[in-house]
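Containing mmCIF, C-alpha atoms: coords.cif.
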data_final
loop_
_atom_site.label_atom_id
_atom_site.label_comp_id
_atom_site.auth_asym_id
_atom_site.auth_seq_id
_atom_site.Cartn_x
_atom_site.Cartn_y
_atom_site.Cartn_z
CA MET A 757 0.00 0.00 0.00
CA ALA A 758 1.28 3.48 -0.86
CA ILE A 759 0.17 5.01 2.44
CA VAL A 760 2.39 3.83 5.27
CA VAL A 761 1.26 3.99 8.89
CA LYS A 762 4.15 4.74 11.21
CA LEU A 763 2.31 3.99 14.44
CA ASP A 764 4.88 1.43 15.53
CA GLU A 765 7.73 3.95 15.37
CA LEU A 766 5.72 6.63 17.18
CA LEU A 767 4.81 4.21 19.95
CA HIS A 768 8.38 3.01 20.23
CA ALA A 769 9.68 6.57 20.53
CA ARG A 770 7.23 7.24 23.34
CA ARG A 771 7.85 3.90 25.07
CA MET A 772 4.18 3.10 24.79
CA THR A 773 2.46 -0.15 23.87
CA LEU A 774 -0.51 -0.55 21.59
CA THR A 775 -2.58 -1.68 24.58
CA ASP A 776 -1.70 1.54 26.45
CA LEU A 777 -2.78 3.63 23.46
CA SER A 778 -5.97 1.60 23.10
CA ASP A 779 -6.84 2.20 26.77
CA ARG A 780 -6.15 5.92 26.53
CA ILE A 781 -8.00 6.76 23.33
CA GLY A 782 -10.82 4.22 23.61
CA ILE A 783 -10.24 2.50 20.27
CA THR A 784 -10.15 -1.27 20.38
CA LEU A 785 -6.84 -3.08 20.31
CA ALA A 786 -8.06 -5.06 17.30
CA ASN A 787 -8.71 -1.88 15.30
CA LEU A 788 -5.41 -0.29 16.32
CA SER A 789 -3.68 -3.50 15.32
CA ILE A 790 -5.32 -3.35 11.88
CA LEU A 791 -4.07 0.23 11.57
CA LYS A 792 -0.54 -0.61 12.76
CA THR A 793 -0.14 -3.54 10.36
CA GLY A 794 -1.27 -1.45 7.40
CA LYS A 795 -4.40 -3.54 6.81
CA ALA A 796 -6.85 -0.65 7.31
CA LYS A 797 -8.69 0.51 4.20
CA ALA A 798 -9.75 3.87 5.67
CA MET A 799 -9.26 5.99 8.76
CA ARG A 800 -11.72 8.26 10.53
CA PHE A 801 -10.69 11.82 11.31
CA SER A 802 -11.77 11.15 14.91
CA THR A 803 -9.27 8.27 15.14
CA LEU A 804 -6.53 10.39 13.63
CA GLU A 805 -7.34 13.21 16.03
CA ALA A 806 -7.33 10.91 19.08
CA ILE A 807 -3.98 9.37 18.14
CA CYS A 808 -2.38 12.75 17.34
CA MET A 809 -3.69 14.17 20.62
CA GLU A 810 -2.40 11.26 22.69
CA LEU A 811 0.97 10.90 20.96
CA ASP A 812 1.36 14.67 20.59
CA CYS A 813 2.13 14.47 16.91
CA GLN A 814 0.92 15.69 13.51
CA PRO A 815 -0.97 13.54 10.99
CA GLY A 816 2.17 13.65 8.84
CA ASP A 817 4.13 11.98 11.63
CA LEU A 818 1.69 9.08 11.62
CA LEU A 819 1.09 8.71 7.90
CA ALA A 820 3.45 8.82 4.97
CA PHE A 821 3.08 8.33 1.25
CA GLU A 822 5.54 6.05 -0.46
CA THR A 823 5.57 5.45 -4.18
CA GLU A 824 5.17 1.80 -5.10
CA ARG A 825 7.62 0.27 -7.50
CA MET B 1123 -28.21 -7.76 19.84
CA PRO B 1124 -31.05 -6.42 22.05
CA ALA B 1125 -33.12 -9.14 23.78
CA GLN B 1126 -36.28 -7.79 22.14
CA HIS B 1127 -34.81 -8.34 18.67
CA SER B 1128 -33.64 -11.86 19.41
CA THR B 1129 -37.13 -12.70 20.74
CA LEU B 1130 -38.67 -11.29 17.58
CA LEU B 1131 -36.25 -13.28 15.43
CA GLY B 1132 -37.02 -16.41 17.44
CA VAL B 1133 -40.76 -15.91 16.94
CA THR B 1134 -40.22 -15.26 13.22
CA ARG B 1135 -38.11 -18.40 12.91
CA GLY B 1136 -40.85 -20.43 14.62
CA LEU B 1137 -43.54 -18.94 12.38
CA LEU B 1138 -41.52 -19.68 9.24
CA TRP B 1139 -41.14 -23.34 10.27
CA LEU B 1140 -44.87 -23.48 11.01
CA MET B 1141 -45.65 -22.03 7.57
CA LEU B 1142 -43.28 -24.51 5.91
CA GLY B 1143 -45.13 -27.27 7.74
CA LEU B 1144 -48.46 -25.93 6.47
CA VAL B 1145 -47.10 -25.74 2.92
CA ALA B 1146 -45.90 -29.36 3.21
CA ALA B 1147 -49.33 -30.41 4.52
CA ALA B 1148 -51.04 -28.56 1.68
CA ALA B 1149 -48.71 -30.25 -0.83
CA LEU B 1150 -49.64 -33.65 0.59
CA LEU B 1151 -53.31 -32.71 0.33
CA VAL B 1152 -52.88 -31.67 -3.31
CA LEU B 1153 -51.14 -34.97 -3.99
CA ALA B 1154 -53.90 -36.93 -2.25
CA VAL B 1155 -56.62 -35.06 -4.17
CA SER B 1156 -54.79 -35.64 -7.46
CA VAL B 1157 -54.52 -39.38 -6.77
CA GLY B 1158 -58.19 -39.40 -5.75
CA LEU B 1159 -59.20 -37.57 -8.93
CA VAL B 1160 -57.55 -40.28 -11.00
CA ALA B 1161 -58.28 -43.35 -8.89
CA ALA B 1162 -61.80 -42.66 -7.63
CA TRP B 1163 -63.19 -40.36 -10.29
CA PRO B 1164 -66.69 -41.94 -10.60
CA ASP B 1165 -67.35 -41.53 -6.84
CA ILE B 1166 -65.93 -38.01 -6.81
CA MET B 1167 -68.04 -37.06 -9.83
CA VAL B 1168 -71.19 -38.07 -7.95
CA GLU B 1169 -70.11 -35.97 -4.95
CA LEU B 1170 -69.34 -32.98 -7.20
CA LYS B 1171 -72.78 -33.28 -8.80
CA ASN B 1172 -74.45 -33.29 -5.39
CA SER B 1173 -72.49 -30.26 -4.21
CA LYS B 1174 -74.12 -28.09 -6.91
CA ILE B 1175 -70.98 -25.91 -6.97
CA PHE B 1176 -69.43 -27.45 -10.04
CA ILE B 1177 -70.80 -27.09 -13.54
CA ASP B 1178 -71.04 -30.28 -15.56
CA PRO B 1179 -68.78 -32.53 -13.44
CA GLY B 1180 -68.68 -34.99 -16.31
CA ILE B 1181 -66.07 -33.04 -18.25
CA ILE B 1182 -64.02 -31.25 -15.58
CA GLN B 1183 -61.62 -34.00 -14.50
CA PRO B 1184 -58.69 -32.83 -16.71
CA ARG B 1185 -59.23 -29.23 -15.61
CA LEU B 1186 -59.22 -30.24 -11.95
CA LEU B 1187 -55.99 -32.14 -12.52
CA TRP B 1188 -54.47 -29.06 -14.16
CA MET B 1189 -55.58 -27.06 -11.14
CA MET B 1190 -53.80 -29.47 -8.84
CA ALA B 1191 -50.63 -29.10 -10.95
CA VAL B 1192 -50.82 -25.29 -10.73
CA LEU B 1193 -51.50 -25.46 -6.99
CA ALA B 1194 -48.50 -27.76 -6.54
CA ALA B 1195 -46.31 -25.29 -8.46
CA ILE B 1196 -47.55 -22.38 -6.29
CA LEU B 1197 -46.83 -24.41 -3.15
CA GLY B 1198 -43.33 -25.13 -4.47
CA VAL B 1199 -42.76 -21.40 -4.98
CA ALA B 1200 -44.11 -20.70 -1.47
CA ALA B 1201 -41.70 -23.23 0.03
CA PHE B 1202 -38.81 -21.63 -1.88
CA VAL B 1203 -39.76 -18.14 -0.63
CA LEU B 1204 -40.01 -19.41 2.96
CA ARG B 1205 -36.54 -21.00 2.68
CA GLN B 1206 -35.14 -17.68 1.44
CA LEU B 1207 -36.75 -15.89 4.40
CA GLN B 1208 -35.33 -18.49 6.80
CA ALA B 1209 -31.83 -17.90 5.44
CA MET B 1210 -32.29 -14.13 5.83
CA VAL B 1211 -33.53 -14.48 9.41
CA ALA B 1212 -30.53 -16.71 10.15
CA SER B 1213 -28.13 -14.06 8.81
CA ALA B 1214 -29.92 -11.37 10.85
CA ALA B 1215 -29.49 -13.54 13.97
CA THR B 1216 -25.71 -13.58 13.44
CA GLY B 1217 -25.86 -9.77 13.48
CA ASP B 1218 -24.86 -9.15 9.87
CA PRO B 1219 -27.87 -9.00 7.54
CA PHE B 1220 -26.38 -6.45 5.12
CA ILE B 1221 -24.60 -8.94 2.90
CA PRO B 1222 -24.82 -9.37 -0.89
CA ALA B 1223 -26.35 -12.85 -0.37
CA ASN B 1224 -29.42 -11.30 1.29
CA ALA B 1225 -29.87 -8.85 -1.59
CA ARG B 1226 -29.82 -11.85 -3.96
CA ARG B 1227 -32.29 -13.73 -1.74
CA LEU B 1228 -34.69 -10.78 -1.76
CA ARG B 1229 -34.44 -10.48 -5.54
CA ARG B 1230 -35.12 -14.21 -5.89
CA THR B 1231 -38.07 -13.79 -3.50
CA GLY B 1232 -39.41 -10.98 -5.68
CA TRP B 1233 -39.17 -13.07 -8.86
CA SER B 1234 -40.73 -16.04 -7.05
CA LEU B 1235 -43.67 -13.85 -6.03
CA VAL B 1236 -43.99 -12.75 -9.66
CA ALA B 1237 -44.11 -16.44 -10.65
CA ALA B 1238 -46.72 -17.18 -7.96
CA GLN B 1239 -48.84 -14.25 -9.15
CA LEU B 1240 -48.56 -15.41 -12.77
CA LEU B 1241 -49.57 -18.94 -11.73
CA ALA B 1242 -52.56 -17.55 -9.83
CA ILE B 1243 -54.02 -16.25 -13.12
CA PRO B 1244 -54.48 -19.66 -14.83
CA LEU B 1245 -55.59 -21.01 -11.44
CA HIS B 1246 -58.41 -18.48 -11.41
CA MET B 1247 -59.27 -19.17 -15.05
CA ILE B 1248 -59.58 -22.91 -14.41
CA ALA B 1249 -61.44 -22.45 -11.10
CA SER B 1250 -63.98 -20.09 -12.63
CA SER B 1251 -64.46 -22.44 -15.60
CA VAL B 1252 -65.32 -25.43 -13.43
CA ALA B 1253 -67.37 -23.84 -10.63
CA ALA B 1254 -70.46 -21.68 -10.44
CA GLY B 1255 -69.68 -17.94 -10.38
CA HIS B 1256 -71.12 -17.28 -6.92
CA SER B 1257 -69.07 -19.97 -5.17
CA GLU B 1258 -65.88 -19.33 -3.23
CA PHE B 1259 -64.15 -21.99 -5.32
CA ALA B 1260 -64.63 -19.96 -8.51
CA ASN B 1261 -62.94 -16.93 -6.93
CA MET B 1262 -59.71 -18.79 -6.20
CA GLY B 1263 -56.50 -17.16 -7.47
CA GLY B 1264 -56.48 -14.23 -9.86
CA ILE B 1265 -54.69 -10.92 -9.59
CA ASP B 1266 -54.27 -9.76 -6.02
CA LEU B 1267 -53.17 -6.23 -5.13
CA THR B 1268 -51.49 -7.45 -1.92
CA ASN B 1269 -49.32 -9.82 -3.98
CA ILE B 1270 -48.30 -7.01 -6.30
CA LEU B 1271 -47.39 -4.81 -3.31
CA ALA B 1272 -45.35 -7.69 -1.85
CA ILE B 1273 -43.49 -8.05 -5.17
CA LEU B 1274 -42.68 -4.32 -5.24
CA LEU B 1275 -41.60 -4.43 -1.59
CA ALA B 1276 -39.28 -7.39 -2.22
CA PHE B 1277 -37.56 -5.63 -5.14
CA VAL B 1278 -37.25 -2.34 -3.24
CA LEU B 1279 -35.80 -4.17 -0.24
CA ALA B 1280 -33.37 -6.02 -2.53
CA ALA B 1281 -32.10 -2.66 -3.81
CA VAL B 1282 -31.84 -1.35 -0.22
CA PHE B 1283 -29.88 -4.43 0.85
CA GLU B 1284 -27.57 -4.14 -2.16
CA GLN B 1285 -26.81 -0.55 -1.17
CA GLY B 1286 -26.45 -1.57 2.48
CA ALA B 1287 -24.05 -4.37 1.59
CA ALA B 1288 -21.95 -1.98 -0.52
CA MET B 1289 -21.83 0.53 2.35
CA ARG B 1290 -20.97 -2.24 4.79
CA ASP B 1291 -18.12 -3.34 2.55
CA GLU B 1292 -16.82 0.22 2.40
CA LEU B 1293 -16.99 0.57 6.17
CA GLU B 1294 -15.13 -2.65 6.77
CA GLY B 1295 -11.47 -1.97 7.35
CA THR B 1296 -12.23 1.57 8.55
CA VAL B 1297 -10.47 2.34 11.79
#
Have the structure of the file written as structure tokens, please.
Amino acid sequence: MAIVVKLDELLHARRMTLTDLSDRIGITLANLSILKTGKAKAMRFSTLEAICMELDCQPGDLLAFETER
Amino acid sequence: MPAQHSTLLGVTRGLLWLMLGLVAAAALLVLAVSVGLVAAWPDIMVELKNSKIFIDPGIIQPRLLWMMAVLAAILGVAAFVLRQLQAMVASAATGDPFIPANARRLRRTGWSLVAAQLLAIPLHMIASSVAAGHSEFANMGGIDLTNILAILLAFVLAAVFEQGAAMRDELEGTV
């Protein structure tokens, strides 16, 4: 997929687990896992907002566009 | 799923089985009458004459047999529709009724109802040709507004379910 989710790196930098994030923002671990592994087809603005708020980052820190070869 | 909904689905499931049972009983009856019409025609003819409902019982045996064939076909269609409804209720019970399969089932139900309505026309023609006009027997079948509304409803619901399934598909994988 051309859009890459960099949740793993953000969590690692903040020494936070996916379970911690799930507890704090109220999004299920299963859904966050789908997002982390790049299997999500779409993302709600509310999810993006909650993650950015909790991890104190910008949407661009979480998502990146990579050209496929 | 709310308890009220599961109760409703349970009741619906029970009613559908009951209706399937009634259809099966009616099919057996049609079969028994057909066998009787062939095997015991002279006795039946006397009874038909005495009933004063039928016109000229001497010549109506083939028509009555045709009627039984049409009735059997309608019962077959009814059983098929009930099976489709059972499958839809089962998918609703699992909590995911907005699937393409249900849209197909509703479309099939709609076409089955069209077939049943079309079969009801010759049924009425035969019934009115063998029985006196004032009798209930002669009014069997024919075009029924309720049937036509049911057909329209089935096709509209099929379109709604198709749209619902497409939306569901789009939503899946949304985080």
Show me, as a short mmCIF file (atom, residue, chain, number, x, y, z; two decimals) with C-alpha atoms, in the coordinates of the input, every residue of chain B with an atom at most 7 Å from chain A, counting all atoms listed in the file.
data_model
loop_
_atom_site.label_atom_id
_atom_site.label_comp_id
_atom_site.auth_asym_id
_atom_site.auth_seq_id
_atom_site.Cartn_x
_atom_site.Cartn_y
_atom_site.Cartn_z
CA GLY B 1295 -11.47 -1.97 7.35
CA THR B 1296 -12.23 1.57 8.55
CA VAL B 1297 -10.47 2.34 11.79
#
Next on the checklist: I'd like the contact shell of region 1212-1224 of chain B - 10 Å cut-off, only C-alpha atoms, skipping same-chain residues fewer than 6 positions apart - returned as a count of residues only.
Outcome noted: 20
Checklist entry - Neighbours of Leu819 (chain A) within 12 Å (all atoms listed in the file; same-chain residues fewer than 2 positions away dropped), as an MDAnalysis selection string? => result chainID A and resid 757:766 791:792 794 799 804 807:808 813:817 821:822
Next, the residues of the selection above should be written as a PDB file, in the coordinates of the input with C-alpha atoms.
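Wrote it out as result37.pdb, contents follow:
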ATOM      1  CA  MET A 757       0.000   0.000   0.000  1.00  0.00           C
ATOM      2  CA  ALA A 758       1.280   3.480  -0.860  1.00  0.00           C
ATOM      3  CA  ILE A 759       0.170   5.010   2.440  1.00  0.00           C
ATOM      4  CA  VAL A 760       2.390   3.830   5.270  1.00  0.00           C
ATOM      5  CA  VAL A 761       1.260   3.990   8.890  1.00  0.00           C
ATOM      6  CA  LYS A 762       4.150   4.740  11.210  1.00  0.00           C
ATOM      7  CA  LEU A 763       2.310   3.990  14.440  1.00  0.00           C
ATOM      8  CA  ASP A 764       4.880   1.430  15.530  1.00  0.00           C
ATOM      9  CA  GLU A 765       7.730   3.950  15.370  1.00  0.00           C
ATOM     10  CA  LEU A 766       5.720   6.630  17.180  1.00  0.00           C
ATOM     11  CA  LEU A 791      -4.070   0.230  11.570  1.00  0.00           C
ATOM     12  CA  LYS A 792      -0.540  -0.610  12.760  1.00  0.00           C
ATOM     13  CA  GLY A 794      -1.270  -1.450   7.400  1.00  0.00           C
ATOM     14  CA  MET A 799      -9.260   5.990   8.760  1.00  0.00           C
ATOM     15  CA  LEU A 804      -6.530  10.390  13.630  1.00  0.00           C
ATOM     16  CA  ILE A 807      -3.980   9.370  18.140  1.00  0.00           C
ATOM     17  CA  CYS A 808      -2.380  12.750  17.340  1.00  0.00           C
ATOM     18  CA  CYS A 813       2.130  14.470  16.910  1.00  0.00           C
ATOM     19  CA  GLN A 814       0.920  15.690  13.510  1.00  0.00           C
ATOM     20  CA  PRO A 815      -0.970  13.540  10.990  1.00  0.00           C
ATOM     21  CA  GLY A 816       2.170  13.650   8.840  1.00  0.00           C
ATOM     22  CA  ASP A 817       4.130  11.980  11.630  1.00  0.00           C
ATOM     23  CA  PHE A 821       3.080   8.330   1.250  1.00  0.00           C
ATOM     24  CA  GLU A 822       5.540   6.050  -0.460  1.00  0.00           C
TER      25      GLU A 822
END
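Once the PyMOL selection byres ((chain B and resi 1271-1273) around 12) is applied to the shown structure, the selection contains B:Val1203, B:Leu1228, B:Arg1229, B:Arg1230, B:Thr1231, B:Gly1232, B:Trp1233, B:Ser1234, B:Leu1235, B:Val1236, B:Ala1237, B:Ala1238, B:Gln1239, B:Leu1240, B:Ile1265, B:Asp1266, B:Leu1267, B:Thr1268, B:Asn1269, B:Ile1270, B:Leu1274, B:Leu1275, B:Ala1276, B:Phe1277, B:Val1278, B:Leu1279, B:Ala1280.
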Checklist outcome for this item: The distance between CA of Val1192 (chain B) and CA of Ile1243 (chain B) is 9.9 Å
Next on the checklist: I'd like to see the residues matched by the PyMOL selection byres ((chain B and resi 1201) around 12) on this file, and ideally I'd get them as a count of residues only.
Outcome noted: 30
Item to check | Point-to-point distance in Å for CA of Ala1281 (chain B) and CA of Gly1263 (chain B) | outcome: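 We find that CA of Gly1263 (chain B) and CA of Ala1281 (chain B) lie 28.6 Å from each other.
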Item to check | For CA of Ser1257 (chain B) and CA of Ile1166 (chain B), the interatomic separation in Å (one decimal) | outcome: 18.4 Å
Extract region 1216-1229 of chain B from the coordinates I pasted, and write it as a PDB file, in the first residue's frame (atoms kept: N, CA, C and O atoms).
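Just written: decode-v4.pdb:
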ATOM      1  N   THR B1216     -27.159 -13.647  13.215  1.00  0.00           N
ATOM      2  CA  THR B1216     -25.710 -13.578  13.440  1.00  0.00           C
ATOM      3  C   THR B1216     -25.247 -12.120  13.536  1.00  0.00           C
ATOM      4  O   THR B1216     -24.091 -11.863  13.803  1.00  0.00           O
ATOM      5  N   GLY B1217     -26.174 -11.192  13.297  1.00  0.00           N
ATOM      6  CA  GLY B1217     -25.861  -9.773  13.479  1.00  0.00           C
ATOM      7  C   GLY B1217     -25.349  -9.090  12.229  1.00  0.00           C
ATOM      8  O   GLY B1217     -24.915  -7.947  12.284  1.00  0.00           O
ATOM      9  N   ASP B1218     -25.360  -9.776  11.092  1.00  0.00           N
ATOM     10  CA  ASP B1218     -24.862  -9.146   9.871  1.00  0.00           C
ATOM     11  C   ASP B1218     -25.785  -9.415   8.685  1.00  0.00           C
ATOM     12  O   ASP B1218     -25.485 -10.239   7.816  1.00  0.00           O
ATOM     13  N   PRO B1219     -26.939  -8.738   8.647  1.00  0.00           N
ATOM     14  CA  PRO B1219     -27.872  -8.998   7.541  1.00  0.00           C
ATOM     15  C   PRO B1219     -27.521  -8.262   6.250  1.00  0.00           C
ATOM     16  O   PRO B1219     -27.990  -8.654   5.188  1.00  0.00           O
ATOM     17  N   PHE B1220     -26.679  -7.217   6.340  1.00  0.00           N
ATOM     18  CA  PHE B1220     -26.378  -6.447   5.120  1.00  0.00           C
ATOM     19  C   PHE B1220     -25.244  -7.086   4.327  1.00  0.00           C
ATOM     20  O   PHE B1220     -24.125  -6.598   4.298  1.00  0.00           O
ATOM     21  N   ILE B1221     -25.587  -8.220   3.701  1.00  0.00           N
ATOM     22  CA  ILE B1221     -24.597  -8.942   2.902  1.00  0.00           C
ATOM     23  C   ILE B1221     -25.170  -9.129   1.496  1.00  0.00           C
ATOM     24  O   ILE B1221     -26.391  -9.170   1.323  1.00  0.00           O
ATOM     25  N   PRO B1222     -24.311  -9.221   0.484  1.00  0.00           N
ATOM     26  CA  PRO B1222     -24.816  -9.373  -0.887  1.00  0.00           C
ATOM     27  C   PRO B1222     -25.752 -10.588  -1.046  1.00  0.00           C
ATOM     28  O   PRO B1222     -26.686 -10.538  -1.840  1.00  0.00           O
ATOM     29  N   ALA B1223     -25.509 -11.645  -0.251  1.00  0.00           N
ATOM     30  CA  ALA B1223     -26.350 -12.851  -0.368  1.00  0.00           C
ATOM     31  C   ALA B1223     -27.809 -12.525  -0.056  1.00  0.00           C
ATOM     32  O   ALA B1223     -28.722 -13.044  -0.707  1.00  0.00           O
ATOM     33  N   ASN B1224     -28.042 -11.644   0.934  1.00  0.00           N
ATOM     34  CA  ASN B1224     -29.418 -11.299   1.288  1.00  0.00           C
ATOM     35  C   ASN B1224     -30.088 -10.471   0.196  1.00  0.00           C
ATOM     36  O   ASN B1224     -31.289 -10.602  -0.040  1.00  0.00           O
ATOM     37  N   ALA B1225     -29.319  -9.628  -0.464  1.00  0.00           N
ATOM     38  CA  ALA B1225     -29.867  -8.851  -1.589  1.00  0.00           C
ATOM     39  C   ALA B1225     -30.309  -9.823  -2.686  1.00  0.00           C
ATOM     40  O   ALA B1225     -31.391  -9.682  -3.264  1.00  0.00           O
ATOM     41  N   ARG B1226     -29.467 -10.842  -2.947  1.00  0.00           N
ATOM     42  CA  ARG B1226     -29.822 -11.853  -3.963  1.00  0.00           C
ATOM     43  C   ARG B1226     -31.060 -12.634  -3.543  1.00  0.00           C
ATOM     44  O   ARG B1226     -31.945 -12.897  -4.348  1.00  0.00           O
ATOM     45  N   ARG B1227     -31.124 -12.979  -2.237  1.00  0.00           N
ATOM     46  CA  ARG B1227     -32.291 -13.730  -1.745  1.00  0.00           C
ATOM     47  C   ARG B1227     -33.571 -12.926  -1.920  1.00  0.00           C
ATOM     48  O   ARG B1227     -34.602 -13.466  -2.306  1.00  0.00           O
ATOM     49  N   LEU B1228     -33.498 -11.626  -1.624  1.00  0.00           N
ATOM     50  CA  LEU B1228     -34.693 -10.780  -1.761  1.00  0.00           C
ATOM     51  C   LEU B1228     -35.114 -10.662  -3.221  1.00  0.00           C
ATOM     52  O   LEU B1228     -36.300 -10.670  -3.536  1.00  0.00           O
ATOM     53  N   ARG B1229     -34.115 -10.564  -4.110  1.00  0.00           N
ATOM     54  CA  ARG B1229     -34.435 -10.480  -5.541  1.00  0.00           C
ATOM     55  C   ARG B1229     -35.095 -11.783  -5.999  1.00  0.00           C
ATOM     56  O   ARG B1229     -36.087 -11.771  -6.728  1.00  0.00           O
TER      57      ARG B1229
END
